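Coordinates as given in entry.pdb (PDB, C-alpha atoms):
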```
ATOM      1  CA  MET B   1      54.815 -39.811  69.471  1.00  0.00           C
ATOM      2  CA  ILE B   2      52.563 -42.114  71.481  1.00  0.00           C
ATOM      3  CA  THR B   3      54.300 -45.399  72.281  1.00  0.00           C
ATOM      4  CA  ARG B   4      52.473 -48.333  73.822  1.00  0.00           C
ATOM      5  CA  GLU B   5      53.851 -51.690  74.875  1.00  0.00           C
ATOM      6  CA  VAL B   6      51.347 -54.362  73.859  1.00  0.00           C
ATOM      7  CA  GLN B   7      50.999 -58.128  74.003  1.00  0.00           C
ATOM      8  CA  ALA B   8      50.450 -59.521  70.501  1.00  0.00           C
ATOM      9  CA  LYS B   9      48.387 -62.642  69.887  1.00  0.00           C
ATOM     10  CA  SER B  10      50.429 -63.770  66.868  1.00  0.00           C
ATOM     11  CA  ILE B  11      53.603 -62.637  65.107  1.00  0.00           C
ATOM     12  CA  LEU B  12      54.331 -65.029  62.225  1.00  0.00           C
ATOM     13  CA  SER B  13      51.573 -64.154  59.775  1.00  0.00           C
ATOM     14  CA  THR B  14      50.814 -65.133  56.191  1.00  0.00           C
ATOM     15  CA  SER B  15      51.426 -62.493  53.541  1.00  0.00           C
ATOM     16  CA  GLN B  16      50.294 -61.745  49.997  1.00  0.00           C
ATOM     17  CA  VAL B  17      53.858 -60.765  49.075  1.00  0.00           C
ATOM     18  CA  TYR B  18      55.930 -63.533  50.698  1.00  0.00           C
ATOM     19  CA  PRO B  19      54.769 -66.698  52.488  1.00  0.00           C
ATOM     20  CA  TYR B  20      55.201 -65.112  55.935  1.00  0.00           C
ATOM     21  CA  VAL B  21      55.625 -61.662  57.412  1.00  0.00           C
ATOM     22  CA  ILE B  22      56.744 -60.409  60.831  1.00  0.00           C
ATOM     23  CA  ASN B  23      55.764 -56.919  61.989  1.00  0.00           C
ATOM     24  CA  PRO B  24      57.294 -56.336  65.439  1.00  0.00           C
ATOM     25  CA  TYR B  25      55.626 -52.916  65.596  1.00  0.00           C
ATOM     26  CA  THR B  26      52.258 -51.444  64.653  1.00  0.00           C
ATOM     27  CA  GLY B  27      52.862 -47.968  63.288  1.00  0.00           C
ATOM     28  CA  CYS B  28      56.045 -46.346  62.068  1.00  0.00           C
ATOM     29  CA  GLN B  29      58.046 -43.367  63.283  1.00  0.00           C
ATOM     30  CA  HIS B  30      59.256 -42.607  59.770  1.00  0.00           C
ATOM     31  CA  ALA B  31      55.728 -41.471  58.819  1.00  0.00           C
ATOM     32  CA  CYS B  32      56.462 -41.210  55.092  1.00  0.00           C
ATOM     33  CA  SER B  33      53.808 -39.063  53.443  1.00  0.00           C
ATOM     34  CA  TYR B  34      52.901 -41.662  50.803  1.00  0.00           C
ATOM     35  CA  CYS B  35      52.967 -44.778  53.004  1.00  0.00           C
ATOM     36  CA  TYR B  36      50.413 -47.419  52.020  1.00  0.00           C
ATOM     37  CA  ALA B  37      50.519 -48.937  55.521  1.00  0.00           C
ATOM     38  CA  ARG B  38      48.332 -46.192  56.960  1.00  0.00           C
ATOM     39  CA  PHE B  39      45.407 -48.437  55.966  1.00  0.00           C
ATOM     40  CA  MET B  40      46.267 -50.374  59.138  1.00  0.00           C
ATOM     41  CA  LYS B  41      44.344 -47.809  61.179  1.00  0.00           C
ATOM     42  CA  ARG B  42      41.113 -49.317  59.857  1.00  0.00           C
ATOM     43  CA  PHE B  43      41.923 -52.496  61.763  1.00  0.00           C
ATOM     44  CA  THR B  44      43.829 -51.268  64.818  1.00  0.00           C
ATOM     45  CA  GLY B  45      41.415 -48.621  66.078  1.00  0.00           C
ATOM     46  CA  HIS B  46      44.072 -45.920  66.482  1.00  0.00           C
ATOM     47  CA  ARG B  47      42.712 -42.388  66.432  1.00  0.00           C
ATOM     48  CA  GLU B  48      46.130 -40.751  66.200  1.00  0.00           C
ATOM     49  CA  PRO B  49      47.426 -39.697  62.754  1.00  0.00           C
ATOM     50  CA  TRP B  50      49.664 -42.207  60.999  1.00  0.00           C
ATOM     51  CA  GLY B  51      53.235 -41.638  62.151  1.00  0.00           C
ATOM     52  CA  LYS B  52      52.155 -40.360  65.571  1.00  0.00           C
ATOM     53  CA  PHE B  53      51.828 -43.744  67.285  1.00  0.00           C
ATOM     54  CA  VAL B  54      53.730 -47.016  67.590  1.00  0.00           C
ATOM     55  CA  ASP B  55      52.581 -50.140  69.375  1.00  0.00           C
ATOM     56  CA  VAL B  56      55.550 -52.222  70.497  1.00  0.00           C
ATOM     57  CA  LYS B  57      54.813 -55.952  70.450  1.00  0.00           C
ATOM     58  CA  VAL B  58      57.041 -56.727  73.394  1.00  0.00           C
ATOM     59  CA  ASN B  59      56.266 -60.462  73.341  1.00  0.00           C
ATOM     60  CA  ALA B  60      57.123 -60.883  69.632  1.00  0.00           C
ATOM     61  CA  PRO B  61      60.270 -63.018  70.141  1.00  0.00           C
ATOM     62  CA  GLU B  62      58.541 -65.347  72.604  1.00  0.00           C
ATOM     63  CA  LEU B  63      55.602 -65.771  70.219  1.00  0.00           C
ATOM     64  CA  LEU B  64      57.912 -66.488  67.315  1.00  0.00           C
ATOM     65  CA  GLN B  65      59.838 -69.068  69.315  1.00  0.00           C
ATOM     66  CA  ARG B  66      56.587 -70.979  69.810  1.00  0.00           C
ATOM     67  CA  GLN B  67      55.062 -70.446  66.371  1.00  0.00           C
ATOM     68  CA  ILE B  68      58.143 -71.333  64.337  1.00  0.00           C
ATOM     69  CA  THR B  69      58.009 -74.958  65.481  1.00  0.00           C
ATOM     70  CA  ARG B  70      54.397 -75.312  64.290  1.00  0.00           C
ATOM     71  CA  LYS B  71      54.784 -74.019  60.733  1.00  0.00           C
ATOM     72  CA  ALA B  72      56.533 -75.275  57.616  1.00  0.00           C
ATOM     73  CA  PRO B  73      59.725 -73.277  56.920  1.00  0.00           C
ATOM     74  CA  ASP B  74      59.425 -70.661  54.180  1.00  0.00           C
ATOM     75  CA  ARG B  75      60.543 -67.143  53.377  1.00  0.00           C
ATOM     76  CA  VAL B  76      59.790 -64.469  55.996  1.00  0.00           C
ATOM     77  CA  TRP B  77      59.437 -60.776  55.172  1.00  0.00           C
ATOM     78  CA  ILE B  78      60.603 -58.321  57.851  1.00  0.00           C
ATOM     79  CA  SER B  79      58.520 -56.175  57.634  1.00  0.00           C
ATOM     80  CA  GLY B  80      55.387 -55.401  55.647  1.00  0.00           C
ATOM     81  CA  VAL B  81      53.557 -52.566  57.422  1.00  0.00           C
ATOM     82  CA  CYS B  82      56.260 -51.001  59.593  1.00  0.00           C
ATOM     83  CA  ASP B  83      59.970 -50.369  59.365  1.00  0.00           C
ATOM     84  CA  PRO B  84      61.574 -53.114  61.469  1.00  0.00           C
ATOM     85  CA  TYR B  85      64.539 -50.831  62.180  1.00  0.00           C
ATOM     86  CA  GLN B  86      62.659 -47.656  63.040  1.00  0.00           C
ATOM     87  CA  PRO B  87      64.243 -45.720  65.941  1.00  0.00           C
ATOM     88  CA  LEU B  88      62.409 -47.628  68.715  1.00  0.00           C
ATOM     89  CA  GLU B  89      64.145 -50.815  67.591  1.00  0.00           C
ATOM     90  CA  ALA B  90      67.387 -49.442  69.034  1.00  0.00           C
ATOM     91  CA  LYS B  91      65.781 -49.729  72.476  1.00  0.00           C
ATOM     92  CA  TYR B  92      63.550 -52.793  72.182  1.00  0.00           C
ATOM     93  CA  LYS B  93      65.631 -55.023  69.850  1.00  0.00           C
ATOM     94  CA  LEU B  94      62.551 -56.997  68.822  1.00  0.00           C
ATOM     95  CA  THR B  95      63.654 -57.300  65.201  1.00  0.00           C
ATOM     96  CA  ARG B  96      67.095 -58.453  66.301  1.00  0.00           C
ATOM     97  CA  ARG B  97      65.689 -61.115  68.606  1.00  0.00           C
ATOM     98  CA  CYS B  98      63.229 -62.382  65.981  1.00  0.00           C
ATOM     99  CA  LEU B  99      65.972 -62.435  63.374  1.00  0.00           C
ATOM    100  CA  GLU B 100      68.164 -64.478  65.702  1.00  0.00           C
ATOM    101  CA  ILE B 101      65.416 -67.099  66.049  1.00  0.00           C
ATOM    102  CA  LEU B 102      64.832 -67.295  62.284  1.00  0.00           C
ATOM    103  CA  VAL B 103      68.530 -67.723  61.568  1.00  0.00           C
ATOM    104  CA  GLN B 104      68.891 -70.372  64.272  1.00  0.00           C
ATOM    105  CA  HIS B 105      66.121 -72.364  62.563  1.00  0.00           C
ATOM    106  CA  HIS B 106      67.597 -71.778  59.082  1.00  0.00           C
ATOM    107  CA  TRP B 107      64.513 -70.032  57.715  1.00  0.00           C
ATOM    108  CA  PRO B 108      64.966 -67.819  54.622  1.00  0.00           C
ATOM    109  CA  VAL B 109      64.552 -64.123  55.410  1.00  0.00           C
ATOM    110  CA  ILE B 110      64.099 -60.942  53.384  1.00  0.00           C
ATOM    111  CA  ILE B 111      64.491 -57.642  55.239  1.00  0.00           C
ATOM    112  CA  GLN B 112      63.159 -54.302  54.002  1.00  0.00           C
ATOM    113  CA  THR B 113      64.073 -51.080  55.810  1.00  0.00           C
ATOM    114  CA  ARG B 114      65.107 -47.462  55.407  1.00  0.00           C
ATOM    115  CA  SER B 115      67.450 -47.479  58.359  1.00  0.00           C
ATOM    116  CA  PRO B 116      71.205 -47.911  58.804  1.00  0.00           C
ATOM    117  CA  LEU B 117      70.340 -49.477  62.174  1.00  0.00           C
ATOM    118  CA  VAL B 118      70.214 -52.789  60.301  1.00  0.00           C
ATOM    119  CA  LEU B 119      74.026 -52.742  60.410  1.00  0.00           C
ATOM    120  CA  ARG B 120      73.834 -53.336  64.157  1.00  0.00           C
ATOM    121  CA  ASP B 121      72.699 -56.883  63.373  1.00  0.00           C
ATOM    122  CA  LEU B 122      75.457 -57.683  60.894  1.00  0.00           C
ATOM    123  CA  ASP B 123      76.725 -60.424  63.200  1.00  0.00           C
ATOM    124  CA  ILE B 124      73.414 -62.277  62.827  1.00  0.00           C
ATOM    125  CA  LEU B 125      73.009 -61.472  59.143  1.00  0.00           C
ATOM    126  CA  LYS B 126      76.358 -63.073  58.348  1.00  0.00           C
ATOM    127  CA  ARG B 127      75.149 -66.332  59.874  1.00  0.00           C
ATOM    128  CA  GLY B 128      72.059 -66.527  57.691  1.00  0.00           C
ATOM    129  CA  THR B 129      72.138 -69.190  54.995  1.00  0.00           C
ATOM    130  CA  ASP B 130      69.381 -67.659  52.845  1.00  0.00           C
ATOM    131  CA  LEU B 131      69.030 -64.017  53.745  1.00  0.00           C
ATOM    132  CA  GLU B 132      68.885 -60.707  51.937  1.00  0.00           C
ATOM    133  CA  VAL B 133      68.519 -57.086  52.960  1.00  0.00           C
ATOM    134  CA  GLY B 134      66.910 -54.286  50.993  1.00  0.00           C
ATOM    135  CA  LEU B 135      66.963 -50.556  51.578  1.00  0.00           C
ATOM    136  CA  SER B 136      64.046 -48.455  50.355  1.00  0.00           C
ATOM    137  CA  ILE B 137      65.680 -45.661  48.364  1.00  0.00           C
ATOM    138  CA  THR B 138      63.137 -43.546  46.526  1.00  0.00           C
ATOM    139  CA  THR B 139      65.250 -40.702  45.109  1.00  0.00           C
ATOM    140  CA  ALA B 140      68.861 -39.644  44.630  1.00  0.00           C
ATOM    141  CA  ASP B 141      68.030 -36.145  45.855  1.00  0.00           C
ATOM    142  CA  ASP B 142      67.972 -35.770  49.624  1.00  0.00           C
ATOM    143  CA  ALA B 143      66.065 -32.502  49.288  1.00  0.00           C
ATOM    144  CA  ILE B 144      63.235 -34.492  47.699  1.00  0.00           C
ATOM    145  CA  ARG B 145      63.505 -37.035  50.506  1.00  0.00           C
ATOM    146  CA  ARG B 146      62.997 -34.232  53.036  1.00  0.00           C
ATOM    147  CA  MET B 147      59.790 -33.214  51.251  1.00  0.00           C
ATOM    148  CA  PHE B 148      58.220 -36.685  51.191  1.00  0.00           C
ATOM    149  CA  GLU B 149      59.885 -38.557  54.075  1.00  0.00           C
ATOM    150  CA  PRO B 150      61.319 -35.955  56.459  1.00  0.00           C
ATOM    151  CA  ASN B 151      61.556 -38.371  59.399  1.00  0.00           C
ATOM    152  CA  ALA B 152      63.369 -41.127  57.526  1.00  0.00           C
ATOM    153  CA  PRO B 153      67.175 -41.503  57.372  1.00  0.00           C
ATOM    154  CA  PRO B 154      69.054 -39.489  54.710  1.00  0.00           C
ATOM    155  CA  ILE B 155      69.553 -41.057  51.283  1.00  0.00           C
ATOM    156  CA  PRO B 156      73.388 -41.068  51.465  1.00  0.00           C
ATOM    157  CA  ALA B 157      73.222 -43.023  54.732  1.00  0.00           C
ATOM    158  CA  ARG B 158      71.002 -45.650  53.120  1.00  0.00           C
ATOM    159  CA  ILE B 159      73.341 -46.034  50.165  1.00  0.00           C
ATOM    160  CA  ARG B 160      76.335 -46.395  52.487  1.00  0.00           C
ATOM    161  CA  THR B 161      74.398 -49.056  54.399  1.00  0.00           C
ATOM    162  CA  LEU B 162      73.835 -51.080  51.237  1.00  0.00           C
ATOM    163  CA  ASP B 163      77.502 -50.753  50.391  1.00  0.00           C
ATOM    164  CA  GLU B 164      78.614 -52.020  53.790  1.00  0.00           C
ATOM    165  CA  LEU B 165      76.176 -54.921  53.727  1.00  0.00           C
ATOM    166  CA  HIS B 166      77.184 -55.885  50.205  1.00  0.00           C
ATOM    167  CA  ARG B 167      80.891 -55.787  51.039  1.00  0.00           C
ATOM    168  CA  ALA B 168      80.159 -58.017  54.043  1.00  0.00           C
ATOM    169  CA  GLY B 169      78.806 -60.675  51.686  1.00  0.00           C
ATOM    170  CA  ILE B 170      75.095 -60.063  52.310  1.00  0.00           C
ATOM    171  CA  ARG B 171      72.771 -60.282  49.302  1.00  0.00           C
ATOM    172  CA  THR B 172      71.322 -56.792  48.877  1.00  0.00           C
ATOM    173  CA  TYR B 173      68.659 -55.034  46.859  1.00  0.00           C
ATOM    174  CA  ALA B 174      67.296 -51.526  46.394  1.00  0.00           C
ATOM    175  CA  MET B 175      63.564 -50.967  46.679  1.00  0.00           C
ATOM    176  CA  ILE B 176      63.074 -47.929  44.455  1.00  0.00           C
ATOM    177  CA  ALA B 177      59.417 -47.575  45.249  1.00  0.00           C
ATOM    178  CA  PRO B 178      57.738 -45.290  44.908  1.00  0.00           C
ATOM    179  CA  MET B 179      59.944 -43.612  42.314  1.00  0.00           C
ATOM    180  CA  LEU B 180      60.095 -40.027  43.536  1.00  0.00           C
ATOM    181  CA  PRO B 181      61.533 -37.127  41.527  1.00  0.00           C
ATOM    182  CA  GLY B 182      65.283 -37.654  41.202  1.00  0.00           C
ATOM    183  CA  ALA B 183      65.056 -41.449  41.262  1.00  0.00           C
ATOM    184  CA  GLU B 184      66.290 -41.577  37.672  1.00  0.00           C
ATOM    185  CA  ARG B 185      69.810 -40.729  38.909  1.00  0.00           C
ATOM    186  CA  LEU B 186      70.101 -43.600  41.389  1.00  0.00           C
ATOM    187  CA  ALA B 187      71.741 -46.259  39.212  1.00  0.00           C
ATOM    188  CA  GLU B 188      75.209 -44.717  39.342  1.00  0.00           C
ATOM    189  CA  SER B 189      75.102 -44.360  43.138  1.00  0.00           C
ATOM    190  CA  LEU B 190      73.963 -47.962  43.622  1.00  0.00           C
ATOM    191  CA  ALA B 191      76.340 -49.633  41.166  1.00  0.00           C
ATOM    192  CA  GLY B 192      78.413 -52.315  42.887  1.00  0.00           C
ATOM    193  CA  LYS B 193      76.298 -52.131  46.035  1.00  0.00           C
ATOM    194  CA  ILE B 194      73.261 -54.254  45.158  1.00  0.00           C
ATOM    195  CA  ASP B 195      72.469 -57.629  43.615  1.00  0.00           C
ATOM    196  CA  TYR B 196      69.114 -56.548  42.212  1.00  0.00           C
ATOM    197  CA  TYR B 197      66.528 -53.784  42.323  1.00  0.00           C
ATOM    198  CA  ILE B 198      62.741 -53.375  42.451  1.00  0.00           C
ATOM    199  CA  LEU B 199      60.926 -50.491  40.770  1.00  0.00           C
ATOM    200  CA  ASP B 200      57.395 -49.241  41.256  1.00  0.00           C
ATOM    201  CA  ARG B 201      55.498 -46.040  40.646  1.00  0.00           C
ATOM    202  CA  MET B 202      53.468 -44.023  43.134  1.00  0.00           C
ATOM    203  CA  ASN B 203      50.329 -46.130  43.476  1.00  0.00           C
ATOM    204  CA  TYR B 204      48.505 -44.178  46.180  1.00  0.00           C
ATOM    205  CA  HIS B 205      47.296 -40.614  46.555  1.00  0.00           C
ATOM    206  CA  HIS B 206      48.281 -39.928  50.173  1.00  0.00           C
ATOM    207  CA  ALA B 207      51.170 -37.682  49.066  1.00  0.00           C
ATOM    208  CA  ASP B 208      49.433 -35.793  46.256  1.00  0.00           C
ATOM    209  CA  TRP B 209      49.472 -32.700  48.460  1.00  0.00           C
ATOM    210  CA  VAL B 210      53.293 -32.841  48.668  1.00  0.00           C
ATOM    211  CA  TYR B 211      53.621 -32.816  44.876  1.00  0.00           C
ATOM    212  CA  ARG B 212      51.249 -29.851  44.673  1.00  0.00           C
ATOM    213  CA  LYS B 213      52.886 -27.929  47.516  1.00  0.00           C
ATOM    214  CA  HIS B 214      56.271 -28.053  45.787  1.00  0.00           C
ATOM    215  CA  GLY B 215      55.070 -27.557  42.209  1.00  0.00           C
ATOM    216  CA  LEU B 216      55.864 -31.121  41.164  1.00  0.00           C
ATOM    217  CA  GLU B 217      52.509 -32.024  39.613  1.00  0.00           C
ATOM    218  CA  ALA B 218      54.177 -33.044  36.325  1.00  0.00           C
ATOM    219  CA  LYS B 219      56.097 -35.720  38.229  1.00  0.00           C
ATOM    220  CA  MET B 220      52.785 -37.416  39.082  1.00  0.00           C
ATOM    221  CA  GLU B 221      51.995 -38.202  35.448  1.00  0.00           C
ATOM    222  CA  ASP B 222      52.187 -41.714  34.019  1.00  0.00           C
ATOM    223  CA  ALA B 223      54.654 -40.625  31.356  1.00  0.00           C
ATOM    224  CA  CYS B 224      57.096 -39.438  34.012  1.00  0.00           C
ATOM    225  CA  PHE B 225      57.036 -42.739  35.897  1.00  0.00           C
ATOM    226  CA  LEU B 226      57.436 -44.665  32.638  1.00  0.00           C
ATOM    227  CA  GLN B 227      60.439 -42.565  31.586  1.00  0.00           C
ATOM    228  CA  THR B 228      62.066 -42.986  35.005  1.00  0.00           C
ATOM    229  CA  GLU B 229      61.571 -46.739  34.803  1.00  0.00           C
ATOM    230  CA  ARG B 230      63.139 -46.873  31.333  1.00  0.00           C
ATOM    231  CA  THR B 231      66.090 -44.725  32.383  1.00  0.00           C
ATOM    232  CA  LEU B 232      66.816 -46.795  35.486  1.00  0.00           C
ATOM    233  CA  SER B 233      66.354 -50.142  33.761  1.00  0.00           C
ATOM    234  CA  ALA B 234      68.777 -49.186  31.007  1.00  0.00           C
ATOM    235  CA  ALA B 235      71.355 -47.813  33.441  1.00  0.00           C
ATOM    236  CA  PHE B 236      71.188 -50.864  35.702  1.00  0.00           C
ATOM    237  CA  ALA B 237      71.431 -53.205  32.724  1.00  0.00           C
ATOM    238  CA  ALA B 238      74.547 -51.375  31.557  1.00  0.00           C
ATOM    239  CA  SER B 239      76.146 -51.945  34.970  1.00  0.00           C
ATOM    240  CA  GLY B 240      75.113 -55.613  35.105  1.00  0.00           C
ATOM    241  CA  VAL B 241      72.489 -55.288  37.837  1.00  0.00           C
ATOM    242  CA  GLY B 242      69.360 -57.391  37.401  1.00  0.00           C
ATOM    243  CA  HIS B 243      65.841 -57.134  38.759  1.00  0.00           C
TER     244      HIS B 243
END
```

Please re-express this file's structure in structure tokens.
Amino acid sequence: MITREVQAKSILSTSQVYPYVINPYTGCQHACSYCYARFMKRFTGHREPWGKFVDVKVNAPELLQRQITRKAPDRVWISGVCDPYQPLEAKYKLTRRCLEILVQHHWPVIIQTRSPLVLRDLDILKRGTDLEVGLSITTADDAIRRMFEPNAPPIPARIRTLDELHRAGIRTYAMIAPMLPGAERLAESLAGKIDYYILDRMNYHHADWVYRKHGLEAKMEDACFLQTERTLSAAFAASGVGH
């Protein structure tokens, strides 16, 4: 893993998903095989394979402190093209420091991560007035997780993280995207731990080789994704979880 400390020019950016996005890092140690964010290499100039580099925007909190006073308050997504709680965050605490600033200014925040490290910041999360945390959970089968996202935290740890956040009074959601094989069994594990869920199919072809390597080609078909969506939607509806 090649890690560089860099000085960013901006940190509070506009987004096509939410009004603003903060990416404290360029690159991601989780290196999920299907990750859409690998397109970032077209703009960053990195020659290393996706998942083999991370640029640490060490001045992110200072930039945010300046930029937040110049923009109209609106929802901020942490993060869009990296995991804000990837392992390097334990050392640099950039996400924590940015989150602290957002909460101090009463900005609405939506966090998306795969990592239980988000629990470290529970003290700040509890102070947020309009804040929610989502865990990306793509399958109920940790063996499948090891095929597609071997460097990401185990599925049971992510589910326990949602449970702890939810019990602490934090609004929580599950990002079941992409729906990997075994995702259809997630509703029971997530019941009582989330306020809502998001579903999406595999929309990119970066991980086609993983399906083929493990004889899972049938799981790439449209009919499979549609059936998984129907199964999950019905199971969540039965347990009173919306989307």

Report task. For the structure shown, which residues end up in the PyMOL selection byres ((chain B and resi 2-15) around 7)? Put them as a list in words, please? Result -> Met1, Gln16, Val17, Tyr18, Pro19, Tyr20, Val21, Ile22, Asn23, Lys52, Phe53, Val54, Asp55, Val56, Lys57, Val58, Asn59, Ala60, Leu63, Leu64 and Gln67 of chain B

Requested in this report: Step by step, work through what the PyMOL selection byres ((chain B and resi 164-175) around 6) selects in the shown file, and finish by giving those residues as a VMD selection string.
Outcome: chain B and resid 132 to 137 161 to 163 176 to 177 193 to 198

Write a file of the selected residues as a compact mmCIF listing (two decimals), in the coordinates of the input, keeping C-alpha atoms.
```
# COMPACT_ATOMS: atom_id res chain seq x y z
CA GLU B 132 68.89 -60.71 51.94
CA VAL B 133 68.52 -57.09 52.96
CA GLY B 134 66.91 -54.29 50.99
CA LEU B 135 66.96 -50.56 51.58
CA SER B 136 64.05 -48.46 50.36
CA ILE B 137 65.68 -45.66 48.36
CA THR B 161 74.40 -49.06 54.40
CA LEU B 162 73.83 -51.08 51.24
CA ASP B 163 77.50 -50.75 50.39
CA ILE B 176 63.07 -47.93 44.46
CA ALA B 177 59.42 -47.58 45.25
CA LYS B 193 76.30 -52.13 46.04
CA ILE B 194 73.26 -54.25 45.16
CA ASP B 195 72.47 -57.63 43.62
CA TYR B 196 69.11 -56.55 42.21
CA TYR B 197 66.53 -53.78 42.32
CA ILE B 198 62.74 -53.38 42.45
```

Query raised in the report: Could you pull the residues within 8 Å of Phe225 of chain B, counting all atoms listed in the file, minus those fewer than 6 positions along the same chain, as a list of chain:residue names?
Result: B:Met179, B:Arg201, B:Lys219

Requested in this report: Could you give me, as a ChimeraX atom specification, the residues within 6 Å of Ile155 of chain B, counting all atoms listed in the file and dropping anything in the same chain fewer than 2 positions from it?
Outcome: /B:142,157-158

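With the shown file loaded, the PyMOL selection byres ((chain B and resi 202) around 8) picks out B:Ala177, B:Pro178, B:Met179, B:Leu180, B:Asp200, B:Arg201, B:Asn203, B:Tyr204, B:His205, B:Met220.
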
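For the pair atom CA of Leu122 of chain B and atom CA of Arg96 of chain B, the interatomic distance is 10.0 Å.
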
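Considering only C-alpha atoms, the residue among B:Met147, B:Arg230, B:Gly240, B:Leu190 positioned nearest to Arg212 of chain B is B:Met147.
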
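Of the listed residues (B:Val210, B:Leu199, B:Val76, B:Leu117), B:Val76 comes nearest to Cys98 of chain B; the distances count all atoms listed in the file.
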
Query raised in the report: In terms of the shortest atom-to-atom distance over all atoms listed in the file, which of B:Ala143, B:Ala207, B:Ala238, B:Leu125 is closest to Ala187 of chain B?
Result: B:Ala238

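Using all atoms listed in the file, the shortest contact distance between Gly27 of chain B and any of B:Pro87, B:Leu102, B:Ile68, B:Gly128 is found at B:Pro87.
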
Test item: residues at most 12 Å from Cys28 of chain B, all atoms listed in the file, excluding those fewer than 5 positions along its chain, as a JSON list (two decimals) with C-alpha atoms, in the frame of the given file:
```json
[["chain", "number", "residue", "atom", "x", "y", "z"],
["B", 1, "MET", "CA", 54.82, -39.81, 69.47],
["B", 2, "ILE", "CA", 52.56, -42.11, 71.48],
["B", 3, "THR", "CA", 54.30, -45.40, 72.28],
["B", 23, "ASN", "CA", 55.76, -56.92, 61.99],
["B", 33, "SER", "CA", 53.81, -39.06, 53.44],
["B", 35, "CYS", "CA", 52.97, -44.78, 53.00],
["B", 36, "TYR", "CA", 50.41, -47.42, 52.02],
["B", 37, "ALA", "CA", 50.52, -48.94, 55.52],
["B", 38, "ARG", "CA", 48.33, -46.19, 56.96],
["B", 40, "MET", "CA", 46.27, -50.37, 59.14],
["B", 41, "LYS", "CA", 44.34, -47.81, 61.18],
["B", 49, "PRO", "CA", 47.43, -39.70, 62.75],
["B", 50, "TRP", "CA", 49.66, -42.21, 61.00],
["B", 51, "GLY", "CA", 53.24, -41.64, 62.15],
["B", 52, "LYS", "CA", 52.16, -40.36, 65.57],
["B", 53, "PHE", "CA", 51.83, -43.74, 67.28],
["B", 54, "VAL", "CA", 53.73, -47.02, 67.59],
["B", 55, "ASP", "CA", 52.58, -50.14, 69.38],
["B", 56, "VAL", "CA", 55.55, -52.22, 70.50],
["B", 79, "SER", "CA", 58.52, -56.18, 57.63],
["B", 80, "GLY", "CA", 55.39, -55.40, 55.65],
["B", 81, "VAL", "CA", 53.56, -52.57, 57.42],
["B", 82, "CYS", "CA", 56.26, -51.00, 59.59],
["B", 83, "ASP", "CA", 59.97, -50.37, 59.36],
["B", 84, "PRO", "CA", 61.57, -53.11, 61.47],
["B", 85, "TYR", "CA", 64.54, -50.83, 62.18],
["B", 86, "GLN", "CA", 62.66, -47.66, 63.04],
["B", 87, "PRO", "CA", 64.24, -45.72, 65.94],
["B", 88, "LEU", "CA", 62.41, -47.63, 68.72],
["B", 89, "GLU", "CA", 64.14, -50.82, 67.59],
["B", 113, "THR", "CA", 64.07, -51.08, 55.81],
["B", 114, "ARG", "CA", 65.11, -47.46, 55.41],
["B", 149, "GLU", "CA", 59.88, -38.56, 54.08],
["B", 151, "ASN", "CA", 61.56, -38.37, 59.40],
["B", 152, "ALA", "CA", 63.37, -41.13, 57.53]]
```

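Counting all atoms listed in the file, the residue from B:Leu216, B:Asp208, B:Thr138, B:Ile159 that sits nearest to Thr228 of chain B is B:Thr138.
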
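When atom CA of Val109 of chain B is paired with atom CA of His243 of chain B, their separation reads 18.1 Å.
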